[in-house]
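Worksheet: the structure to be examined is printed underneath.
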Amino acid sequence: MDDAVTIVVESYTHGEGSSLDRVALALDAARAMVEQHGDGEVLVADSNGDPALSELLAARFPTIRRIDAAGLGYDEAKMKAAQEARGDLVLYLDGDCIPAPGWFDLHVHALRDGAAGTGGFTRYDGGFLGAVESVLDFGFLLPAGERPLPCYAFNNAGFRREELLAKPVPTGPLRCRCYAHAQLMQRSGTPVRMVPGARVRHERQPFVRERFR
């Protein structure tokens, strides 16, 4: 696929407690964006291995390609999907996140305009408490403006595939190493650029579980 787009949806967060209904919403949104814009594909980086997810894919999303990432961590599953992607541009949308209108176009435009990586803005569902918890977990995305990101949110990001494979997410014990990867990209002269209009709504989990997972 020359200059095509791969959207990667993961199942790791489903294994942490996100609902299968939420994953279905994310998959439906990803499929619709690819179908609307033509040349592209949707992958599921399936590290969770829930049989119900496989049944969902077979019944409702037969065109979506499942990448077997059993036993891999959050970052590792996403990197395996990048290795197997057919698109030159790889967009990441977590299975517990729903994109706002324009999400696809904004990421793709910035990448085609020369950005090596892009990071959108993530907010939790809900009103006041959702806003407060968004600051606790995603405060590094503030202020929401066009700028290099010292840390991005891997639930809402995009990369030129060749750049990502050349500068992969570093290994380490943390569940998600977005900060280390953003620093690597920035110090090599190819920073992740914020695309503030590329917004997603993140499913809100119980407060204690989300803080300590």
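Here, A, B, ... name the chains of the structure tokens in the order displayed, residue numbers run from 1 inside each chain, and ligands are numbered from 1 in the same displayed order.
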
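Those residues that approach region 156-169 of chain A to within 6 Å, counting only C-alpha atoms, are Asp88, Leu89, Val90, Leu91, Tyr92, Leu93, Ala116, Gly117, Thr118, Gly119, Gly120 and His181 of chain A; same-chain residues fewer than 5 positions away are not listed.
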
Only N, CA and C atoms, please: the residues just picked out, written as an mmCIF file, in the first residue's frame.
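What follows is the written file part37.cif:
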data_model
loop_
_atom_site.group_PDB
_atom_site.id
_atom_site.type_symbol
_atom_site.label_atom_id
_atom_site.label_comp_id
_atom_site.auth_asym_id
_atom_site.auth_seq_id
_atom_site.Cartn_x
_atom_site.Cartn_y
_atom_site.Cartn_z
ATOM 1 N N ASP A 88 1.978 2.860 5.004
ATOM 2 C CA ASP A 88 3.150 3.689 5.286
ATOM 3 C C ASP A 88 2.929 4.551 6.523
ATOM 4 N N LEU A 89 1.682 4.812 6.842
ATOM 5 C CA LEU A 89 1.322 5.587 8.028
ATOM 6 C C LEU A 89 0.564 4.671 8.975
ATOM 7 N N VAL A 90 0.928 4.707 10.259
ATOM 8 C CA VAL A 90 0.294 3.850 11.258
ATOM 9 C C VAL A 90 -0.334 4.733 12.329
ATOM 10 N N LEU A 91 -1.648 4.609 12.497
ATOM 11 C CA LEU A 91 -2.371 5.354 13.518
ATOM 12 C C LEU A 91 -2.796 4.397 14.627
ATOM 13 N N TYR A 92 -2.660 4.854 15.873
ATOM 14 C CA TYR A 92 -3.004 4.029 17.028
ATOM 15 C C TYR A 92 -4.235 4.587 17.729
ATOM 16 N N LEU A 93 -5.243 3.728 17.862
ATOM 17 C CA LEU A 93 -6.481 4.056 18.552
ATOM 18 C C LEU A 93 -6.770 2.915 19.528
ATOM 19 N N ALA A 116 7.188 13.103 11.768
ATOM 20 C CA ALA A 116 7.558 11.696 11.942
ATOM 21 C C ALA A 116 6.558 10.977 12.828
ATOM 22 N N GLY A 117 5.990 11.713 13.792
ATOM 23 C CA GLY A 117 5.005 11.158 14.697
ATOM 24 C C GLY A 117 4.019 12.232 15.103
ATOM 25 N N THR A 118 2.821 11.830 15.476
ATOM 26 C CA THR A 118 1.790 12.769 15.895
ATOM 27 C C THR A 118 1.130 12.273 17.171
ATOM 28 N N GLY A 119 0.694 13.201 17.992
ATOM 29 C CA GLY A 119 -0.035 12.865 19.205
ATOM 30 C C GLY A 119 -1.271 13.729 19.306
ATOM 31 N N GLY A 120 -2.422 13.098 19.536
ATOM 32 C CA GLY A 120 -3.659 13.843 19.701
ATOM 33 C C GLY A 120 -3.958 14.109 21.159
ATOM 34 N N HIS A 181 9.968 7.141 24.624
ATOM 35 C CA HIS A 181 9.965 7.130 23.162
ATOM 36 C C HIS A 181 9.896 8.542 22.599
#

DSSP on the backbone, then: every residue of chain A marked alpha helix (DSSP H), written as a PDB file with C-alpha atoms, in the first residue's frame.
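Result went into selection15.pdb, see below:
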ATOM      1  CA  TYR A  12      -4.627  -4.995  26.007  1.00  0.00           C
ATOM      2  CA  THR A  13      -6.931  -2.517  27.738  1.00  0.00           C
ATOM      3  CA  HIS A  14      -9.841  -4.940  27.306  1.00  0.00           C
ATOM      4  CA  GLY A  15      -7.791  -7.395  29.352  1.00  0.00           C
ATOM      5  CA  LEU A  20     -16.037  -5.500  24.821  1.00  0.00           C
ATOM      6  CA  ASP A  21     -18.822  -3.121  23.762  1.00  0.00           C
ATOM      7  CA  ARG A  22     -16.312  -0.287  23.927  1.00  0.00           C
ATOM      8  CA  VAL A  23     -13.847  -2.240  21.788  1.00  0.00           C
ATOM      9  CA  ALA A  24     -16.616  -2.790  19.246  1.00  0.00           C
ATOM     10  CA  LEU A  25     -17.272   0.962  19.108  1.00  0.00           C
ATOM     11  CA  ALA A  26     -13.576   1.657  18.507  1.00  0.00           C
ATOM     12  CA  LEU A  27     -13.416  -1.002  15.778  1.00  0.00           C
ATOM     13  CA  ASP A  28     -16.541   0.323  14.121  1.00  0.00           C
ATOM     14  CA  ALA A  29     -15.113   3.854  14.089  1.00  0.00           C
ATOM     15  CA  ALA A  30     -11.774   2.643  12.707  1.00  0.00           C
ATOM     16  CA  ARG A  31     -13.438   0.597   9.969  1.00  0.00           C
ATOM     17  CA  ALA A  32     -15.675   3.494   8.953  1.00  0.00           C
ATOM     18  CA  MET A  33     -12.721   5.880   8.676  1.00  0.00           C
ATOM     19  CA  VAL A  34     -10.735   3.490   6.494  1.00  0.00           C
ATOM     20  CA  GLU A  35     -13.728   2.757   4.275  1.00  0.00           C
ATOM     21  CA  GLN A  36     -14.458   6.462   3.883  1.00  0.00           C
ATOM     22  CA  HIS A  37     -10.909   7.362   2.954  1.00  0.00           C
ATOM     23  CA  PRO A  51     -12.335 -15.750  22.634  1.00  0.00           C
ATOM     24  CA  ALA A  52     -15.246 -13.302  22.712  1.00  0.00           C
ATOM     25  CA  LEU A  53     -13.132 -10.788  20.814  1.00  0.00           C
ATOM     26  CA  SER A  54     -12.314 -13.348  18.132  1.00  0.00           C
ATOM     27  CA  GLU A  55     -16.021 -14.122  17.845  1.00  0.00           C
ATOM     28  CA  LEU A  56     -16.787 -10.398  17.552  1.00  0.00           C
ATOM     29  CA  LEU A  57     -14.255  -9.996  14.749  1.00  0.00           C
ATOM     30  CA  ALA A  58     -15.620 -12.978  12.837  1.00  0.00           C
ATOM     31  CA  ALA A  59     -19.245 -11.885  13.209  1.00  0.00           C
ATOM     32  CA  ARG A  60     -19.041  -8.125  12.734  1.00  0.00           C
ATOM     33  CA  TYR A  74       0.994  -2.941  25.775  1.00  0.00           C
ATOM     34  CA  ASP A  75       3.873  -1.346  23.847  1.00  0.00           C
ATOM     35  CA  GLU A  76       5.197  -4.619  22.465  1.00  0.00           C
ATOM     36  CA  ALA A  77       1.832  -5.573  20.949  1.00  0.00           C
ATOM     37  CA  LYS A  78       1.622  -2.198  19.234  1.00  0.00           C
ATOM     38  CA  MET A  79       5.137  -2.544  17.837  1.00  0.00           C
ATOM     39  CA  LYS A  80       4.344  -6.018  16.482  1.00  0.00           C
ATOM     40  CA  ALA A  81       1.332  -4.545  14.690  1.00  0.00           C
ATOM     41  CA  ALA A  82       3.564  -1.853  13.169  1.00  0.00           C
ATOM     42  CA  GLN A  83       5.928  -4.535  11.896  1.00  0.00           C
ATOM     43  CA  GLU A  84       3.039  -6.346  10.192  1.00  0.00           C
ATOM     44  CA  TRP A 103      -9.383  12.442  13.903  1.00  0.00           C
ATOM     45  CA  PHE A 104      -8.151  10.444  10.913  1.00  0.00           C
ATOM     46  CA  ASP A 105      -7.664  13.430   8.606  1.00  0.00           C
ATOM     47  CA  LEU A 106      -5.797  15.499  11.183  1.00  0.00           C
ATOM     48  CA  HIS A 107      -3.268  12.777  12.011  1.00  0.00           C
ATOM     49  CA  VAL A 108      -2.775  11.840   8.361  1.00  0.00           C
ATOM     50  CA  HIS A 109      -2.396  15.424   7.172  1.00  0.00           C
ATOM     51  CA  ALA A 110       0.313  16.143   9.755  1.00  0.00           C
ATOM     52  CA  LEU A 111       2.192  12.940   8.887  1.00  0.00           C
ATOM     53  CA  ARG A 112       1.975  13.569   5.144  1.00  0.00           C
ATOM     54  CA  PHE A 128     -16.313  17.263  36.085  1.00  0.00           C
ATOM     55  CA  LEU A 129     -14.752  14.051  37.427  1.00  0.00           C
ATOM     56  CA  GLY A 130     -13.785  12.979  33.930  1.00  0.00           C
ATOM     57  CA  ALA A 131     -12.091  16.332  33.423  1.00  0.00           C
ATOM     58  CA  VAL A 132     -10.206  16.090  36.741  1.00  0.00           C
ATOM     59  CA  GLU A 133      -9.014  12.560  36.045  1.00  0.00           C
ATOM     60  CA  SER A 134      -7.986  13.619  32.541  1.00  0.00           C
ATOM     61  CA  VAL A 135      -5.617  16.171  34.069  1.00  0.00           C
ATOM     62  CA  LEU A 136      -4.226  13.519  36.436  1.00  0.00           C
ATOM     63  CA  ASP A 137      -3.462  11.060  33.636  1.00  0.00           C
ATOM     64  CA  PHE A 138      -3.095  13.215  30.529  1.00  0.00           C
ATOM     65  CA  ARG A 161       5.965   3.478   9.770  1.00  0.00           C
ATOM     66  CA  GLU A 162       9.592   3.627   8.621  1.00  0.00           C
ATOM     67  CA  GLU A 163      10.394   6.148  11.374  1.00  0.00           C
ATOM     68  CA  LEU A 164       8.705   4.038  14.044  1.00  0.00           C
ATOM     69  CA  LEU A 165      10.514   0.873  13.013  1.00  0.00           C
ATOM     70  CA  ALA A 166      13.827   2.734  12.872  1.00  0.00           C
ATOM     71  CA  CYS A 178       5.560   6.928  25.667  1.00  0.00           C
ATOM     72  CA  TYR A 179       7.737   9.429  27.525  1.00  0.00           C
ATOM     73  CA  ALA A 180      10.962   7.567  26.794  1.00  0.00           C
ATOM     74  CA  HIS A 181       9.965   7.130  23.162  1.00  0.00           C
ATOM     75  CA  ALA A 182       8.972  10.782  22.736  1.00  0.00           C
ATOM     76  CA  GLN A 183      12.324  11.824  24.190  1.00  0.00           C
ATOM     77  CA  LEU A 184      14.151   9.477  21.823  1.00  0.00           C
ATOM     78  CA  MET A 185      12.281  10.932  18.855  1.00  0.00           C
ATOM     79  CA  GLN A 186      12.871  14.512  19.979  1.00  0.00           C
ATOM     80  CA  ARG A 187      16.591  14.065  20.618  1.00  0.00           C
ATOM     81  CA  PHE A 207     -10.602   5.622  40.082  1.00  0.00           C
ATOM     82  CA  VAL A 208      -8.399   3.316  42.172  1.00  0.00           C
ATOM     83  CA  ARG A 209      -7.966   0.695  39.447  1.00  0.00           C
ATOM     84  CA  GLU A 210      -6.999   3.289  36.857  1.00  0.00           C
ATOM     85  CA  ARG A 211      -4.457   4.934  39.160  1.00  0.00           C
ATOM     86  CA  PHE A 212      -2.713   1.679  40.128  1.00  0.00           C
TER      87      PHE A 212
END

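Of the residues under consideration (A:Cys176, A:Ala153, A:Ala100, A:Val42), A:Ala100 shows the shortest atom-to-atom contact distance to Arg201 (chain A) when counting only C-alpha atoms.
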
According to DSSP computed on the backbone, where in chain A is there strand (DSSP E or B)? Give the residues as a PyMOL selection string. chain A and resi 5-10+40-46+65-68+89-93+97-99+117-124+148+156-160+192-202

Could you tell me how far CA of Arg86 (chain A) lies from CA of Pro62 (chain A), in Å and to one decimal?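 About the pair CA of Arg86 (chain A) and CA of Pro62 (chain A): they are 17.4 Å apart.
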
Given only C-alpha atoms as the counted atoms, nearest of A:Gly126, A:Gly71, A:Pro148, A:Pro170 to Val195 (chain A):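 Once distances to Val195 (chain A) are computed over only C-alpha atoms, the minimum belongs to A:Pro148.
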
Taking only C-alpha atoms into account, name the residue in A:Gly127, A:Asp113, A:Met194, A:Phe154 that is nearest to Leu142 (chain A).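 So, comparing all the options, the nearest one is A:Met194.
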